[in-house]
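*Asks:* Pasting entry.cif below, which is mmCIF, C-alpha atoms.
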```cif
data_input
loop_
_atom_site.label_atom_id
_atom_site.label_comp_id
_atom_site.auth_asym_id
_atom_site.auth_seq_id
_atom_site.Cartn_x
_atom_site.Cartn_y
_atom_site.Cartn_z
CA MET A 1 99.78 -29.66 27.22
CA GLY A 2 96.93 -27.50 28.45
CA GLY A 3 95.03 -27.66 31.68
CA GLU A 4 95.75 -26.70 35.26
CA ILE A 5 96.95 -28.46 38.41
CA SER A 6 95.19 -27.63 41.67
CA ALA A 7 95.81 -29.63 44.84
CA PRO A 8 97.67 -32.87 44.10
CA VAL A 9 95.34 -35.86 44.00
CA MET A 10 97.97 -38.45 43.07
CA PRO A 11 101.62 -38.84 44.00
CA ALA A 12 103.91 -37.06 41.58
CA SER A 13 107.43 -37.94 40.50
CA VAL A 14 110.18 -35.95 38.83
CA MET A 15 111.94 -37.59 35.92
CA PRO A 16 114.99 -36.35 33.99
CA VAL A 17 114.39 -36.20 30.23
CA ARG A 18 117.37 -34.67 28.47
CA PRO A 19 120.01 -32.08 29.35
CA GLY A 20 118.23 -28.90 30.41
CA SER A 21 114.77 -30.32 31.09
CA PHE A 22 112.76 -32.65 33.32
CA ASN A 23 109.21 -33.92 33.59
CA VAL A 24 106.78 -33.99 36.49
CA GLY A 25 104.55 -37.05 36.08
CA LEU A 26 102.19 -39.33 37.99
CA VAL A 27 103.53 -42.34 39.87
CA LEU A 28 100.45 -44.35 38.94
CA GLN A 29 100.93 -43.43 35.27
CA PRO A 30 104.73 -43.32 34.91
CA THR A 31 104.60 -42.95 31.13
CA LYS A 32 102.42 -39.85 31.34
CA SER A 33 104.05 -36.50 32.00
CA LEU A 34 102.00 -33.65 33.46
CA TYR A 35 104.40 -31.03 32.19
CA LYS A 36 107.93 -30.59 30.91
CA PHE A 37 109.91 -27.81 32.55
CA LEU A 38 112.36 -26.16 30.15
CA GLY A 39 114.94 -23.49 30.90
CA HIS A 40 118.15 -25.14 32.02
CA ALA A 41 120.89 -24.99 29.40
CA GLU A 42 122.90 -27.80 30.97
CA GLN A 43 122.26 -31.21 32.53
CA VAL A 44 119.81 -31.10 35.45
CA MET A 45 121.54 -32.60 38.49
CA SER A 46 118.96 -32.51 41.28
CA VAL A 47 115.38 -31.52 42.16
CA ASP A 48 113.50 -31.08 45.43
CA PHE A 49 109.99 -30.07 46.52
CA HIS A 50 109.43 -27.50 49.27
CA PRO A 51 108.05 -29.16 52.46
CA THR A 52 105.14 -26.74 52.99
CA LYS A 53 104.69 -24.80 49.75
CA LEU A 54 103.41 -27.69 47.68
CA ASP A 55 103.68 -25.80 44.39
CA LEU A 56 107.35 -24.88 44.88
CA LEU A 57 109.99 -27.01 43.17
CA CYS A 58 113.73 -26.37 42.99
CA SER A 59 116.22 -27.66 40.42
CA CYS A 60 119.92 -27.19 39.71
CA ASP A 61 122.19 -27.95 36.79
CA SER A 62 125.83 -28.66 35.97
CA ASN A 63 126.39 -24.98 35.16
CA ASN A 64 125.61 -24.01 38.77
CA GLU A 65 122.24 -22.54 37.85
CA ILE A 66 119.43 -22.89 40.41
CA ARG A 67 115.80 -22.45 39.41
CA LEU A 68 112.60 -22.20 41.44
CA TRP A 69 109.41 -23.32 39.72
CA ASN A 70 105.73 -22.80 40.45
CA VAL A 71 104.36 -26.21 39.52
CA SER A 72 100.69 -25.19 39.33
CA GLN A 73 101.48 -22.23 37.06
CA TYR A 74 104.08 -24.10 34.98
CA ALA A 75 106.42 -21.15 35.49
CA CYS A 76 109.99 -20.48 36.54
CA THR A 77 109.83 -17.89 39.32
CA ARG A 78 113.52 -17.34 39.99
CA VAL A 79 116.92 -18.04 38.46
CA SER A 80 120.13 -17.70 40.45
CA LYS A 81 123.73 -18.86 40.35
CA ASP A 82 125.27 -21.02 43.06
CA GLN A 83 128.72 -20.08 44.31
CA PHE A 84 131.86 -22.11 43.55
CA LEU A 85 135.57 -21.45 43.15
CA SER A 86 134.89 -18.55 45.53
CA SER A 87 138.29 -18.93 47.18
CA VAL A 88 140.24 -18.91 43.92
CA GLU A 89 140.98 -15.67 42.11
CA VAL A 90 142.05 -16.23 38.53
CA SER A 91 142.02 -14.12 35.38
CA GLY A 92 142.62 -14.30 31.67
CA PHE A 93 143.85 -17.60 30.29
CA ASN A 94 144.02 -19.20 33.76
CA GLN A 95 140.35 -18.44 34.37
CA LEU A 96 139.39 -20.04 31.05
CA TYR A 97 141.55 -23.06 31.86
CA PHE A 98 139.92 -23.63 35.26
CA LEU A 99 136.43 -23.23 33.82
CA LEU A 100 137.18 -25.74 31.05
CA MET A 101 138.58 -28.22 33.56
CA ASP A 102 135.46 -27.80 35.69
CA VAL A 103 133.29 -28.73 32.71
CA ILE A 104 135.48 -31.67 31.66
CA LEU A 105 135.86 -33.13 35.16
CA GLY A 106 132.39 -32.21 36.41
CA HIS A 107 133.82 -29.98 39.15
CA GLY A 108 131.98 -26.89 40.30
CA ALA A 109 128.56 -28.18 39.33
CA THR A 110 125.77 -27.81 41.87
CA LYS A 111 125.19 -31.50 42.53
CA GLN A 112 122.24 -31.35 44.93
CA VAL A 113 119.58 -29.02 46.28
CA ARG A 114 117.67 -29.82 49.48
CA PHE A 115 115.03 -27.74 51.23
CA GLN A 116 115.16 -27.53 55.02
CA PRO A 117 112.47 -29.81 56.54
CA GLN A 118 109.57 -28.51 58.61
CA PHE A 119 109.42 -24.87 57.48
CA GLY A 120 111.61 -24.78 54.38
CA LYS A 121 113.21 -21.46 55.29
CA LEU A 122 116.61 -22.52 54.00
CA LEU A 123 117.78 -24.20 50.80
CA ALA A 124 121.00 -26.21 51.01
CA THR A 125 123.08 -26.54 47.86
CA ALA A 126 126.19 -28.66 47.33
CA ALA A 127 128.72 -27.09 44.98
CA GLU A 128 132.35 -28.14 44.69
CA ASN A 129 133.68 -28.81 48.22
CA GLY A 130 131.26 -26.55 50.09
CA ILE A 131 127.61 -26.26 51.09
CA ASN A 132 125.60 -23.06 50.76
CA LEU A 133 122.60 -22.37 53.00
CA ILE A 134 120.40 -19.89 51.17
CA ASP A 135 117.34 -18.01 52.44
CA VAL A 136 114.50 -19.15 50.18
CA GLU A 137 112.56 -15.87 50.37
CA THR A 138 115.41 -13.41 49.85
CA ASP A 139 117.79 -15.60 47.83
CA SER A 140 120.59 -14.45 50.14
CA LEU A 141 123.47 -16.59 51.37
CA GLN A 142 123.09 -17.21 55.11
CA LEU A 143 125.91 -19.67 55.75
CA TYR A 144 128.77 -21.21 53.79
CA LEU A 145 129.91 -24.57 55.16
CA LYS A 146 133.43 -25.47 54.12
CA GLY A 147 135.72 -28.21 55.40
CA HIS A 148 135.66 -31.00 52.83
CA VAL A 149 138.81 -31.39 50.76
CA LYS A 150 137.08 -33.23 47.92
CA ASP A 151 133.81 -32.38 46.17
CA VAL A 152 130.61 -32.75 48.18
CA LEU A 153 128.60 -35.53 46.53
CA SER A 154 125.50 -35.71 48.72
CA ILE A 155 123.73 -33.67 51.41
CA CYS A 156 120.74 -34.35 53.66
CA TRP A 157 118.87 -32.67 56.52
CA ASP A 158 117.77 -34.33 59.72
CA THR A 159 114.01 -34.27 60.35
CA SER A 160 114.23 -31.26 62.69
CA GLY A 161 115.95 -29.08 60.09
CA LYS A 162 118.62 -28.12 62.64
CA TYR A 163 121.41 -30.32 61.29
CA ILE A 164 122.70 -31.12 57.84
CA ALA A 165 125.05 -33.91 56.79
CA SER A 166 127.40 -33.83 53.83
CA ILE A 167 129.36 -36.55 52.07
CA SER A 168 132.50 -36.43 50.00
CA GLU A 169 134.37 -39.43 48.65
CA ASP A 170 136.62 -39.67 51.69
CA SER A 171 134.66 -38.13 54.58
CA ALA A 172 131.32 -37.32 56.17
CA ARG A 173 130.43 -34.26 58.21
CA VAL A 174 127.49 -33.10 60.31
CA TRP A 175 126.89 -29.37 60.63
CA SER A 176 124.68 -27.33 62.95
CA ALA A 177 122.50 -24.82 61.09
CA VAL A 178 121.52 -23.22 64.41
CA SER A 179 125.11 -22.72 65.63
CA GLY A 180 126.47 -20.65 62.80
CA GLY A 181 127.14 -23.60 60.51
CA LYS A 182 129.65 -25.20 62.86
CA CYS A 183 130.93 -28.68 61.96
CA ILE A 184 130.10 -30.73 65.04
CA HIS A 185 131.02 -34.23 63.85
CA GLU A 186 133.47 -35.61 61.27
CA LEU A 187 134.10 -39.10 59.96
CA HIS A 188 136.90 -40.27 57.68
CA SER A 189 136.34 -43.15 55.30
CA ASN A 190 137.96 -46.46 56.19
CA GLY A 191 138.65 -47.16 52.53
CA ASN A 192 135.09 -47.40 51.20
CA LYS A 193 134.35 -44.47 48.90
CA PHE A 194 131.29 -42.59 50.16
CA ARG A 195 128.65 -41.51 47.64
CA SER A 196 125.25 -40.85 49.24
CA CYS A 197 123.64 -40.20 52.61
CA THR A 198 120.39 -39.87 54.53
CA PHE A 199 119.38 -39.70 58.16
CA HIS A 200 117.36 -42.69 59.38
CA PRO A 201 113.71 -41.56 59.66
CA GLY A 202 113.15 -43.48 62.89
CA TYR A 203 116.49 -42.81 64.59
CA SER A 204 117.25 -39.16 63.91
CA GLN A 205 120.87 -39.30 65.08
CA LEU A 206 121.77 -42.25 62.84
CA LEU A 207 123.34 -41.27 59.53
CA ILE A 208 123.25 -43.86 56.75
CA ILE A 209 126.07 -43.55 54.22
CA GLY A 210 126.05 -45.28 50.85
CA GLY A 211 129.41 -46.43 49.53
CA TYR A 212 130.67 -49.20 47.29
CA GLN A 213 128.51 -52.28 47.93
CA SER A 214 127.82 -51.46 51.59
CA LEU A 215 125.85 -49.13 53.83
CA GLU A 216 127.78 -47.49 56.64
CA LEU A 217 125.71 -46.80 59.78
CA TRP A 218 127.12 -43.93 61.83
CA ASN A 219 125.84 -42.46 65.09
CA PRO A 220 128.20 -39.50 65.51
CA THR A 221 127.08 -38.86 69.10
CA GLU A 222 128.28 -42.30 70.18
CA SER A 223 131.27 -43.26 68.06
CA SER A 224 133.73 -42.22 65.39
CA LYS A 225 133.34 -45.64 63.79
CA THR A 226 130.65 -47.10 61.56
CA ARG A 227 128.88 -50.42 61.30
CA SER A 228 129.11 -51.80 57.77
CA VAL A 229 126.10 -53.59 56.25
CA PRO A 230 126.53 -55.49 52.92
CA ALA A 231 123.87 -54.09 50.62
CA HIS A 232 124.58 -54.13 46.87
CA ASN A 233 126.97 -55.35 44.20
CA GLY A 234 127.87 -51.86 43.05
CA LEU A 235 128.14 -48.24 44.09
CA ILE A 236 125.17 -47.03 46.15
CA ALA A 237 124.39 -43.86 44.22
CA ALA A 238 121.29 -42.64 46.08
CA LEU A 239 119.42 -43.02 49.36
CA ALA A 240 115.94 -41.85 50.32
CA ASP A 241 113.91 -42.11 53.51
CA SER A 242 110.19 -42.24 54.32
CA PRO A 243 109.25 -40.65 57.67
CA GLN A 244 105.77 -42.20 57.45
CA THR A 245 106.96 -45.81 57.14
CA GLU A 246 110.45 -45.31 58.68
CA MET A 247 111.89 -47.10 55.67
CA VAL A 248 115.05 -46.33 53.71
CA ALA A 249 115.51 -47.01 50.00
CA SER A 250 118.91 -47.56 48.40
CA ALA A 251 119.65 -47.37 44.66
CA SER A 252 122.82 -48.84 43.18
CA HIS A 253 124.73 -49.16 39.94
CA ASP A 254 123.96 -52.90 40.17
CA HIS A 255 120.50 -52.04 38.71
CA CYS A 256 118.74 -52.72 42.04
CA VAL A 257 116.64 -50.68 44.43
CA LYS A 258 116.33 -52.11 47.95
CA LEU A 259 114.17 -51.20 50.95
CA TRP A 260 115.45 -51.27 54.53
CA LYS A 261 113.88 -50.85 57.94
#
```
Would you give me this structure, written as structure tokens?
*Replies:*
Amino acid sequence: MGGEISAPVMPASVMPVRPGSFNVGLVLQPTKSLYKFLGHAEQVMSVDFHPTKLDLLCSCDSNNEIRLWNVSQYACTRVSKDQFLSSVEVSGFNQLYFLLMDVILGHGATKQVRFQPQFGKLLATAAENGINLIDVETDSLQLYLKGHVKDVLSICWDTSGKYIASISEDSARVWSAVSGGKCIHELHSNGNKFRSCTFHPGYSQLLIIGGYQSLELWNPTESSKTRSVPAHNGLIAALADSPQTEMVASASHDHCVKLWK
């Protein structure tokens, strides 16, 4: 498709197409794609727009590859590899075995990328059981947040960009990006398997955790317990928040998307 994109005049959405590619299209015309971005060799796992550089889009795939794209120029501007299995030294047959098991089980894949709100100086990536905080300009690792035993499934920043939350199946953690990546709060699951998370847009200290059928509301500054809210008939796979409307959207395997306030 020819043409050029200048300043956005309509809301855009990012839609997965097939392994290794995704489309950027218009919300008002969901069947029309502005452009298909090709380059990933494996399944694209996550995408995120930069908060201030409106042309900058980030994507990651199941082979731990991270790409930055200039949307207006339809071009990939940088390709890098996320870090995983960094604490394990293997060689020869053992190395091949671990890599094959990572592919089969889905371990080691970079599951999410999230730009830091406000200024977008840092890019957070979730790979295996750790979180990398990467300088967007220099592509250098600033902090490595490790503490989860199981794979990190979801990450989210608070609106200030000072704190980041991470979710694994059995626990939730809140880290301080301004205190050397220190884990300042930790929550263990009461039996509900965690899957997704987002900070409430109107109550910045309230973390919303999506699990199986219910939302867990956790204010880590007040309690080590959560308040459970029945929400869906399946696993809550994704959460998103709108700072403008202070609404939260939940998406579940029960084929439903719900809005909360």
*Asks:* How many Å lie between CA of Arg195 (chain A) and CA of Gly211 (chain A), rounded to one decimal?
*Replies:*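 Separating CA of Arg195 (chain A) from CA of Gly211 (chain A) is a distance of 5.3 Å.
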*Asks:* Please list as a PyMOL selection string every residue within 10 Å of region 112-116 of chain A, counting all atoms listed in the file and excluding residues in the same chain fewer than 4 positions away.
*Replies:* chain A and resi 44-51+57-61+66+120-127+131-134+136+152-164+177
*Asks:* Counting all atoms listed in the file, write as a list of chain:residue names all protein and nucleic acid residues lying at most 12 Å from (137.3, -35.2, 65.0) in the file's frame.
*Replies:*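 In the file's frame, the residues around the point are A:Gly147, A:Ser171, A:Ala172, A:Arg173, A:Val174, A:Cys183, A:Ile184, A:His185, A:Glu186, A:Leu187, A:His188, A:Pro220, A:Thr221, A:Ser223, A:Ser224, A:Lys225.
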*Asks:* Take the PyMOL selection byres ((chain A and resi 240-250) around 10), run it mentally on this structure, and tell me the resulting residues as a VMD selection string.
*Replies:* chain A and resid 156 159 196 to 203 208 210 215 231 to 232 236 to 239 251 to 252 256 to 261
*Asks:* Edge lengths and centre in Å to one decimal, as lines of an AutoDock Vina configuration file, of the axis-aligned box that encloses all listed atoms of region 188-207 of chain A with 3 Å added on every side?
*Replies:*
```
center_x = 125.9
center_y = -43.3
center_z = 56.4
size_x = 31.5
size_y = 14.2
size_z = 23.4
```
*Asks:* As an exercise, work out the distance from CA of Asp170 (chain A) to CA of Asp135 (chain A) in Å and give it to one decimal place.
*Replies:* 29.0 Å
*Asks:* With all atoms listed in the file as the basis for distance, which of A:Glu169, A:Gln205, A:Thr77, A:Asp82 is at the shortest distance from Tyr144 (chain A)?
*Replies:*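 Nearest to Tyr144 (chain A): A:Asp82.
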*Asks:* Tell me, in Å to one decimal, how far CA of Gly130 (chain A) is from CA of Ser80 (chain A).
*Replies:*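 The value is 17.2 Å.
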*Asks:* Of the candidates A:Leu141, A:Ala75, A:Lys36, A:Arg67, which one gets nearest to Asp55 (chain A) if we count all atoms listed in the file?
*Replies:*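 Ranking A:Leu141, A:Ala75, A:Lys36, A:Arg67 by distance to Asp55 (chain A), first place goes to A:Ala75.
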*Asks:* Would you kindly translate the PyMOL selection byres ((chain A and resi 218) around 7) into the concrete residues it picks from this file, as JSON, numbers by chain?
*Replies:* {"A": [206, 207, 208, 216, 217, 219, 220, 225, 226, 227]}
